[in-house]
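Coordinates as given in run.cif (mmCIF, C-alpha atoms):
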```cif
data_input
#
loop_
_atom_site.label_atom_id
_atom_site.label_comp_id
_atom_site.auth_asym_id
_atom_site.auth_seq_id
_atom_site.Cartn_x
_atom_site.Cartn_y
_atom_site.Cartn_z
CA MET A 2 -16.08 103.93 -52.58
CA ILE A 3 -13.58 101.06 -52.36
CA ASN A 4 -13.56 99.04 -55.59
CA VAL A 5 -12.87 95.36 -54.92
CA ALA A 6 -12.20 92.42 -57.23
CA ILE A 7 -12.66 88.85 -55.99
CA ILE A 8 -10.68 85.83 -57.19
CA GLU A 9 -12.25 82.74 -55.64
CA ASP A 10 -13.20 79.44 -57.31
CA ASN A 11 -15.64 78.21 -54.67
CA LEU A 12 -19.04 79.35 -55.95
CA THR A 13 -20.75 79.50 -52.56
CA TYR A 14 -17.96 81.45 -50.90
CA ARG A 15 -17.56 83.72 -53.92
CA LYS A 16 -21.25 84.66 -53.75
CA SER A 17 -20.89 85.25 -50.02
CA LEU A 18 -17.97 87.62 -50.62
CA ILE A 19 -19.91 89.50 -53.30
CA ASN A 20 -22.75 90.03 -50.82
CA ILE A 21 -20.33 91.15 -48.10
CA ILE A 22 -18.91 93.76 -50.47
CA GLU A 23 -22.12 94.96 -52.08
CA LEU A 24 -24.04 95.30 -48.80
CA ALA A 25 -21.36 97.61 -47.41
CA LYS A 26 -22.13 101.25 -48.21
CA ASP A 27 -18.50 102.12 -48.93
CA MET A 28 -17.56 99.16 -51.18
CA HIS A 29 -18.32 97.92 -54.67
CA CYS A 30 -17.42 94.62 -56.34
CA ILE A 31 -16.15 95.38 -59.84
CA GLY A 32 -15.58 91.75 -60.76
CA ALA A 33 -15.60 88.20 -59.43
CA TYR A 34 -13.39 85.53 -61.01
CA THR A 35 -12.76 81.82 -60.61
CA ALA A 36 -9.05 82.17 -61.45
CA VAL A 37 -6.37 84.84 -61.70
CA GLU A 38 -5.92 84.56 -65.46
CA PRO A 39 -9.20 86.21 -66.59
CA CYS A 40 -8.76 89.04 -64.08
CA LEU A 41 -5.17 89.51 -65.21
CA LYS A 42 -6.22 89.56 -68.86
CA GLN A 43 -8.78 92.31 -68.24
CA LEU A 44 -6.28 94.38 -66.26
CA GLN A 45 -3.61 94.05 -68.95
CA SER A 46 -6.05 94.98 -71.71
CA CYS A 47 -7.51 97.85 -69.66
CA GLU A 48 -10.99 96.33 -69.85
CA ILE A 49 -11.31 97.12 -66.16
CA ALA A 50 -9.69 99.85 -64.10
CA PRO A 51 -7.35 98.53 -61.41
CA PRO A 52 -9.35 98.07 -58.20
CA GLU A 53 -8.16 99.37 -54.85
CA ILE A 54 -8.33 95.84 -53.42
CA VAL A 55 -8.13 92.28 -54.76
CA LEU A 56 -9.30 89.44 -52.53
CA LEU A 57 -7.23 86.47 -53.66
CA ASP A 58 -7.66 82.82 -52.77
CA LEU A 59 -4.49 80.74 -52.99
CA ASN A 60 -5.82 77.28 -53.78
CA LEU A 61 -7.43 77.95 -57.14
CA SER A 62 -8.41 75.53 -59.86
CA GLY A 63 -6.16 77.40 -62.33
CA GLU A 64 -2.65 78.54 -61.52
CA ASN A 65 -1.90 78.71 -57.80
CA GLY A 66 -2.69 82.13 -56.37
CA ILE A 67 0.73 82.60 -54.77
CA LYS A 68 2.38 81.94 -58.13
CA MET A 69 0.17 84.50 -59.86
CA LEU A 70 0.52 87.20 -57.20
CA PRO A 71 3.63 88.84 -58.78
CA LEU A 72 1.84 89.02 -62.14
CA LEU A 73 -1.15 90.71 -60.51
CA LYS A 74 1.13 93.22 -58.81
CA LYS A 75 2.94 93.91 -62.08
CA ALA A 76 -0.35 94.50 -63.93
CA ALA A 77 -1.78 96.69 -61.16
CA PRO A 78 1.06 98.04 -58.96
CA GLU A 79 -1.20 100.35 -56.95
CA THR A 80 -3.72 97.60 -56.16
CA ASP A 81 -3.45 96.04 -52.71
CA VAL A 82 -3.89 92.28 -52.58
CA ILE A 83 -5.46 90.64 -49.55
CA ILE A 84 -4.97 86.88 -49.38
CA LEU A 85 -8.17 85.22 -48.21
CA THR A 86 -7.56 81.52 -47.73
CA GLN A 87 -7.78 78.46 -45.51
CA ASP A 88 -4.00 78.01 -45.59
CA SER A 89 -2.62 78.81 -42.13
CA ASP A 90 0.99 77.78 -42.86
CA PHE A 91 3.10 80.73 -41.67
CA ARG A 92 5.66 79.99 -44.41
CA VAL A 93 2.98 80.71 -47.01
CA VAL A 94 2.14 83.95 -45.19
CA LEU A 95 5.79 85.02 -45.32
CA GLU A 96 6.02 84.19 -49.01
CA ALA A 97 2.83 86.12 -49.76
CA LEU A 98 4.12 89.19 -47.90
CA HIS A 99 7.46 88.93 -49.68
CA LEU A 100 5.66 88.85 -53.04
CA GLY A 101 3.70 92.01 -52.26
CA ALA A 102 0.49 91.01 -50.46
CA SER A 103 -0.84 93.72 -48.14
CA GLY A 104 -2.97 91.43 -46.02
CA TYR A 105 -3.47 87.79 -45.09
CA LEU A 106 -6.84 86.70 -43.74
CA LEU A 107 -8.20 83.23 -43.01
CA LYS A 108 -11.60 82.27 -44.42
CA SER A 109 -12.84 81.71 -40.89
CA ALA A 110 -12.96 85.52 -40.55
CA ASN A 111 -16.42 86.96 -40.00
CA VAL A 112 -18.19 89.57 -42.13
CA LYS A 113 -17.17 92.48 -39.90
CA ASP A 114 -13.51 91.44 -39.92
CA ILE A 115 -13.41 91.08 -43.71
CA ARG A 116 -14.88 94.55 -44.22
CA ASN A 117 -12.62 96.14 -41.62
CA VAL A 118 -9.50 94.58 -43.14
CA ILE A 119 -10.51 95.83 -46.59
CA ARG A 120 -10.98 99.33 -45.19
CA ASP A 121 -7.69 99.27 -43.26
CA VAL A 122 -5.68 98.06 -46.24
CA ALA A 123 -7.38 100.58 -48.56
CA GLU A 124 -6.25 103.31 -46.11
CA GLY A 125 -2.65 102.15 -46.40
CA GLY A 126 -2.50 99.65 -43.53
CA THR A 127 -1.51 96.01 -43.47
CA HIS A 128 -3.10 93.01 -41.83
CA ILE A 129 -2.08 89.52 -40.79
CA ASP A 130 -4.79 87.31 -39.30
CA SER A 131 -4.55 87.44 -35.52
CA LYS A 132 -4.25 83.65 -35.39
CA LEU A 133 -1.04 83.90 -37.43
CA SER A 134 0.49 87.27 -36.56
CA ARG A 135 2.52 86.16 -33.54
CA VAL A 136 4.22 83.24 -35.25
CA VAL A 137 4.79 85.29 -38.41
CA LEU A 138 6.41 88.15 -36.49
CA ALA A 139 8.55 85.65 -34.59
CA ALA A 140 9.68 84.14 -37.91
CA LEU A 141 10.47 87.56 -39.35
CA CYS A 142 12.60 88.66 -36.41
CA GLY A 143 16.16 87.51 -36.00
CA LYS A 144 16.58 86.01 -39.45
CA GLU A 145 19.27 88.45 -40.49
CA SER A 146 22.23 89.88 -38.61
CA PRO A 147 21.63 93.35 -37.21
CA SER A 148 22.44 96.01 -39.79
CA PRO A 149 23.27 99.71 -39.45
CA ASN A 150 19.97 101.54 -39.50
CA PRO A 151 19.74 103.59 -42.72
CA LEU A 152 16.56 105.26 -41.45
CA SER A 153 16.42 108.52 -39.55
CA GLU A 154 14.86 108.61 -36.07
CA ARG A 155 11.67 110.06 -37.55
CA GLU A 156 11.52 107.44 -40.31
CA THR A 157 12.06 104.67 -37.76
CA GLU A 158 9.29 106.09 -35.57
CA ILE A 159 6.91 106.25 -38.54
CA LEU A 160 7.71 102.71 -39.68
CA GLN A 161 7.17 101.39 -36.15
CA LEU A 162 3.72 102.99 -36.03
CA LEU A 163 2.82 101.70 -39.50
CA ALA A 164 4.00 98.22 -38.45
CA GLN A 165 1.58 98.41 -35.52
CA GLY A 166 -1.30 98.84 -37.96
CA PHE A 167 -1.81 102.61 -37.91
CA VAL A 168 -2.61 104.13 -41.30
CA LYS A 169 -0.75 107.19 -42.61
CA LYS A 170 -3.46 109.63 -41.51
CA GLU A 171 -3.39 108.26 -37.96
CA VAL A 172 0.42 108.40 -37.85
CA ALA A 173 0.30 112.03 -38.97
CA GLU A 174 -2.15 112.87 -36.18
CA ARG A 175 -0.13 111.01 -33.54
CA ILE A 176 3.16 112.76 -34.26
CA GLY A 177 1.69 116.13 -35.26
CA VAL A 178 2.66 116.47 -38.91
CA SER A 179 0.75 116.54 -42.18
CA TYR A 180 -0.34 113.51 -44.17
CA HIS A 181 1.90 114.65 -47.04
CA THR A 182 4.91 114.73 -44.71
CA ILE A 183 4.20 111.13 -43.70
CA ALA A 184 3.84 110.13 -47.36
CA PHE A 185 7.21 111.80 -48.09
CA HIS A 186 8.90 109.90 -45.25
CA VAL A 187 7.32 106.61 -46.38
CA ARG A 188 8.73 107.07 -49.89
CA ASN A 189 12.17 107.66 -48.34
CA ILE A 190 11.77 104.52 -46.22
CA PHE A 191 10.99 102.47 -49.33
CA ASP A 192 14.03 103.93 -51.12
CA LYS A 193 16.43 103.34 -48.22
CA LEU A 194 15.24 99.77 -47.61
CA ASP A 195 14.94 99.06 -51.35
CA THR A 196 11.38 97.78 -50.93
CA PRO A 197 8.28 98.55 -53.03
CA LYS A 198 5.55 98.20 -50.40
CA LEU A 199 4.91 98.77 -46.71
CA THR A 200 4.61 95.05 -45.96
CA ALA A 201 8.00 94.37 -47.50
CA ALA A 202 9.55 97.34 -45.67
CA VAL A 203 8.20 96.15 -42.31
CA ALA A 204 9.37 92.60 -42.97
CA LYS A 205 12.87 93.71 -43.97
CA ALA A 206 13.20 96.14 -41.07
CA ALA A 207 12.04 93.45 -38.62
CA ARG A 208 14.49 90.89 -40.01
CA GLN A 209 17.37 93.36 -39.69
CA GLY A 210 16.37 94.47 -36.21
CA LEU A 211 15.68 98.05 -37.27
CA ILE A 212 12.26 98.14 -35.57
#
```
Serialized structure, structure tokens:
Amino acid sequence: MINVAIIEDNLTYRKSLINIIELAKDMHCIGAYTAVEPCLKQLQSCEIAPPEIVLLDLNLSGENGIKMLPLLKKAAPETDVIILTQDSDFRVVLEALHLGASGYLLKSANVKDIRNVIRDVAEGGTHIDSKLSRVVLAALCGKESPSPNPLSERETEILQLLAQGFVKKEVAERIGVSYHTIAFHVRNIFDKLDTPKLTAAVAKAARQGLI
């Protein structure tokens, strides 16, 4: 069961998201909030267990979602945050990824897409809305001068597959090793690139021309 928290100040859309979550057999909504602050308070006080996924709107009536994202990640480091917003500015996408978001989805996404993205991210994947992915990847590439690749051939291969959207289990099956071996390599990738999350590792590797 994937536990999901929702942070969305539009009542109609918030109710719609709750229904999307609760009507899926493998998901459960543990809380729905109009702003980040009350969710953050409950996480910090341990009133709720950190969910696997937070669906976060950016344009909230309280503090802006992008500003509060680092605080959410600090309070619940293992929780993956999926931005769900109307903002299609690729610069905002880049900032969200830099701050630790694991996914970026436009509110025009349908029910099936929202559920599939939640499942993919919960499995360790990342997602950028297809309407934005090309321009975002173009912006990520070529920003930094090529650097010596600190990754081994195997680590580079694994990161390339993860960047394509495969989850760890799928990568393990494709290259014929165990899931734990993939997890070990991923930890090494994070250490070598000095990044805390897969999204940040992919972004940094793309900017430096490593993948």
For CA of Lys74 (chain A) and CA of Lys108 (chain A), determine how far apart the two atoms are, in Å to one decimal place.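 Computing the Euclidean distance for CA of Lys74 (chain A) and CA of Lys108 (chain A) yields 22.1 Å.
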Given the file shown, enumerate the residues that the PyMOL selection byres ((chain A and resi 85) around 8) captures and present them as an MDAnalysis selection string. chainID A and resid 56:59 83:84 86:87 105:108
Could you name the residues that touch Ala76 (chain A) at 7 Å or less, counting only C-alpha atoms, but leaving out those on the same chain fewer than 4 positions away, as a VMD selection string? chain A and resid 44 to 45 72
I'd like the box whose edges run along x, y and z of the file and which contains every listed atom of region 121-131 of chain A, padded by 5 Å per side; could you state its centre and edge lengths in Å, one decimal, as AutoDock Vina command-line options?
```
--center_x -4.6 --center_y 95.3 --center_z -42.0 --size_x 16.2 --size_y 26.0 --size_z 23.0
```
Measuring atom to atom with only C-alpha atoms, identify which of A:Ala50, A:Val112, A:Met69, A:Leu61 is nearest to Glu23 (chain A). A:Val112
Take the PyMOL selection byres ((chain A and resi 6-13) around 8), apply it to the structure above, and return the hits as a list in words. Asn4, Val5, Tyr14, Arg15, Lys16, Ser17, Leu18, Ile19, Cys30, Ile31, Gly32, Ala33, Tyr34, Thr35, Ala36, Val37, Cys40, Pro52, Ile54, Val55, Leu56, Leu57, Asp58, Leu61 and Ser62 of chain A
Residue nearest Lys42 (chain A) among A:Ala77, A:Leu194, A:Leu24, A:Val172 (counting all atoms listed in the file):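 Nearest to Lys42 (chain A): A:Ala77.
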Residue nearest Phe91 (chain A) - candidates A:Arg175, A:Lys193, A:Lys132, A:Lys26, atoms counted: only C-alpha atoms: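 Among the listed residues, A:Lys132 lies closest to Phe91 (chain A).
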Contact check, region 17-125 of chain A to region 200-211 of chain A, at most 7 Å, counting all atoms listed in the file, closest pairs as JSON lines:
```
{"residue": "A:Leu98", "atom": "CA", "partner": "A:Thr200", "partner_atom": "CA", "distance": 6.2}
{"residue": "A:His99", "atom": "CA", "partner": "A:Ala201", "partner_atom": "CA", "distance": 5.9}
{"residue": "A:Gly101", "atom": "CA", "partner": "A:Ala201", "partner_atom": "CA", "distance": 6.8}
{"residue": "A:Ser103", "atom": "CA", "partner": "A:Thr200", "partner_atom": "CA", "distance": 6.0}
```
Carefully work through the PyMOL selection byres ((chain A and resi 170) around 10) for this structure and note down the residues it includes, as a ChimeraX atom specification. /A:124-125,167-169,171-175,178-181,183-184
Nearest-residue call for Met28 (chain A), choices A:His128, A:Lys68, A:Lys75, A:Arg116, using only C-alpha atoms: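 Among the listed residues, A:Arg116 lies closest to Met28 (chain A).
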For a test of reading the model, state the distance in Å between CA of Ile21 (chain A) and CA of Thr80 (chain A), rounded to one decimal.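 One can read the CA of Ile21 (chain A) to CA of Thr80 (chain A) distance as 19.6 Å.
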Any idea what the distance is between CA of Asp130 (chain A) and CA of Ala102 (chain A)?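 Calculated distance between CA of Asp130 (chain A) and CA of Ala102 (chain A) is 12.9 Å.
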Excluding region 155-159 of chain A and any residue of its chain fewer than 6 positions from it, enumerate the residues within 7 Å of it, using all atoms listed in the file, and give them as a list in words.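 Once the adjacent positions are removed, what remains is Val172, His186, Ile190 and Ile212 of chain A.
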Which residue of A:Ala25, A:Ile3, A:Val187, A:Val93 approaches Asn60 (chain A) most closely, using only C-alpha atoms: A:Val93
